[in-house]
Amino acid sequence: MTVTEDQTRDPEAALEAQFDRTVAAEGRIEPRDWMPEGYRKTLIRQIAQHAHSEIIGMQPEGNWILRAPSLRRKAILLAKVQDEAGHGLYLYSATETLGVDRSELTEKLIDSKQKYSSIFNYPTLTFADIGVIGWLVDGAAIVNQVPLCRSSYGPYARAMVRICKEESFHQRQGFELLRTLMAGTDAQRAMVQDAVDRWWWPSLMMFGPADGDSPNTQQSMAWRIKRHTNDELRQRYVDMTVPQAEALGVTLPDPELRWNDERQAHDFGDIDWDEFMQVVKGAGPCNAQRLQNRRAAHEDGQWVRDAASAYAAKQAAKEVAA
Amino acid sequence: MSMADDVTAHVEGEPRFEGTTPKATWPLYEVFVRGKRGLNHVHVGSLHAPDDTMALHNARNLYTRRNEGVSIWVVRGDAITASSPDEKDPFFAPSGDKVYRHPTFYEIPDDVPHL
């Protein structure tokens with residue numbers, strides 16, 4: 001092995017150079033590799049936020065499990081909500097490889113020290129919302145998440161591969177639910193349109209602030225954590241969704257939405273960024289309720305964790321005795 | 001990180017930085033799933049559980065909700081001995097300079113069949 005002068009003088013610089021080369025060559029960074037502190041912090045923030053979103057995301061849908069209109073819909077919704085829990089756990093597992101413990105992350109979530117996706121601060125008012133969440137919200141999540149399967153951090157990319165495989169079920173069950181409603185009565189069709197009207201703009205906000213107002217994007221792209229800017233992904237989502245809305249027979253609530261032949265893409269109206277900032281800062285319709293429920297689930301579940309520990313201790317004692 | 005840490009660290013779950021003292025929780029288990037008969041078990045992720053049996057059940061619930069496996073191994077992360085991650089590590093050097101271990105090292109005339 002040859003040791004260059006650089007390495008003997010400054011081992012940190014040599015490690016950083018190797019990290020940069022690995023990332024630039026589309027290599028993957030693995031948990032015990034050296035990595036810049038900023039890279040580690042950015043990943044912890046992003047993956048934890050993502051994990052929290054999956055966990056909080058169980059609430060708006062869980063709201064309808066007891067009221068699902070048939071056993072078929074109830075079984076599907078249960079499976080979907082269970083998947084969201086699973087996604088949260090894959091992601092907490094990935095975060096832990098960066099040197100944090102998931103119990104710390106849960107504490108940070110319920111103390112409002114870490115965020116989750118603002119979309120889950122909107123209420124699910126009718127059963128059509130369940131379909132629209134699958135179609136629009138999970139659809140937006142897929143557009144966001146597919147490029148993350150190639151993220152430079154190995155455990156994150158691998159968790160995203162698992163998640164993306166399962167998201168396809170989520171989106172398709174939502175679309176099928178809406179198609180069923182659209183084939184029903186006028187009142188059912190109106191219910192779908194009402195849900196689309198309420199969820200369309202928040203779905204567009206899921207991609208985050210416009211590129212000019214997203215200070216972390218450039219660094220995240222240089223580190224290849226992120227692959228596309230927020231606006232690129234938002235545009236891709238709009239272009240994918242418009243024909244789906246047509247197939248469904250619903251109107252997307254944006255009078256400025258139209259095909260631009262020159263750009264070969266859809267133009268669309270301005271997003272209400274004031275509303276976005278309000279919801280991010282905690283003033284959305286359900287912020288307080290979501291966190292309160294999460295805290296209650298954690299605290300009220302303490303006896304289950306205690307019982308599991310007690311059971312494990314008892315079994316271990318039996319083995320020793322035998 | 002000391003050498004001792006290097007050789008006893010978890011595959012993926014090891015807190016990397018000295019001074020990081022996560023709260024005492026259930027131990028970390030690494031999970032390996034055999035996708036179908038005839039394939040090796042492959043590492044799929046990790047979870048926490050109070051004991052081995054509950055780790056196995058949790059792994060079943062978390063990592064095989066869609067027939068992803070026919071067999072699961074769970075192993076406590078602190079029972080895994082791992083090599084150092086540094087690619088420049090001399091650990092793998094003995095295999096780096098033995099080109100004669102590869103079939104392409106040997107020149108065989110093109111017209112000799114089945115070689």
# chains A, B, ... in the order shown; residues from 1 in each chain; ligands from 1
>>> residues_around(residues="range 25-40 of chain B", least_positions_apart="2", cutoff="10 Å", atoms="only C-alpha atoms", output="PyMOL selection string")
(chain A and resi 93+96+101-103+305+309) or (chain B and resi 10-14+22-23+42-52+55-56+58-60+63-64+67-80)
>>> select_by_dssp(residues="range 95-265 of chain A", states="strand (DSSP E or B)", output="list in words")
Tyr153, Arg258, Trp259, Asn260 and Ala265 of chain A
>>> residues_around(residues="Ile56 in chain A", least_positions_apart="5", cutoff="12 Å", atoms="only C-alpha atoms", output="number ranges by chain")
A: 49-51, 61-63, 81, 84-85, 87-88, 106, 109-110, 115-122, 286-295, 297
>>> closest_residue(among="B:His57, B:His41, B:Leu62, B:Asp110", to="chain A", atoms="only C-alpha atoms")
B:Leu62
>>> closest_atom_pairs(of="chain A", to="chain B", cutoff="7 Å", atoms="only C-alpha atoms", output="CSV")
residue,atom,partner,partner_atom,distance
A:Pro31,CA,B:Glu12,CA,5.8
A:Arg32,CA,B:Pro85,CA,6.0
A:Asp33,CA,B:Pro85,CA,5.9
A:Gly86,CA,B:Leu62,CA,5.8
A:Ser93,CA,B:Ser46,CA,5.8
A:Glu96,CA,B:Gly13,CA,5.9
A:Thr97,CA,B:Gly13,CA,4.5
A:Leu98,CA,B:Pro15,CA,6.5
A:Gly99,CA,B:Pro15,CA,3.7
A:Val100,CA,B:Pro22,CA,6.7
A:Asp101,CA,B:Pro22,CA,5.6
A:Ala308,CA,B:Pro50,CA,6.6
A:Ser309,CA,B:Pro50,CA,5.5
A:Ala312,CA,B:Asp51,CA,5.7
>>> select_by_dssp(residues="range 85-118 of chain A", states="helix (DSSP H, G or I)", output="list of chain:residue names")
A:Ala85, A:Gly86, A:His87, A:Gly88, A:Leu89, A:Tyr90, A:Leu91, A:Tyr92, A:Ser93, A:Ala94, A:Thr95, A:Glu96, A:Arg102, A:Ser103, A:Glu104, A:Leu105, A:Thr106, A:Glu107, A:Lys108, A:Leu109, A:Ile110, A:Ser118
>>> atom_distance(atom1="CA of His170 in chain A", atom2="CA of Arg28 in chain A")
28.7 Å
>>> residues_around(residues="Asp138 in chain A", least_positions_apart="3", cutoff="7 Å", atoms="only C-alpha atoms", output="list in words")
Ile133, Gly134, Trp135, Ala141, Ile142, Glu167, His170 and Gln171 of chain A
>>> residues_around(residues="Gly27 in chain A", least_positions_apart="5", cutoff="9 Å", atoms="only C-alpha atoms", output="VMD selection string")
chain A and resid 21 to 22 152
>>> closest_residue(among="A:Phe268, A:Asp254, A:Trp64, A:Leu136", to="Gln173 in chain A", atoms="only C-alpha atoms")
A:Leu136
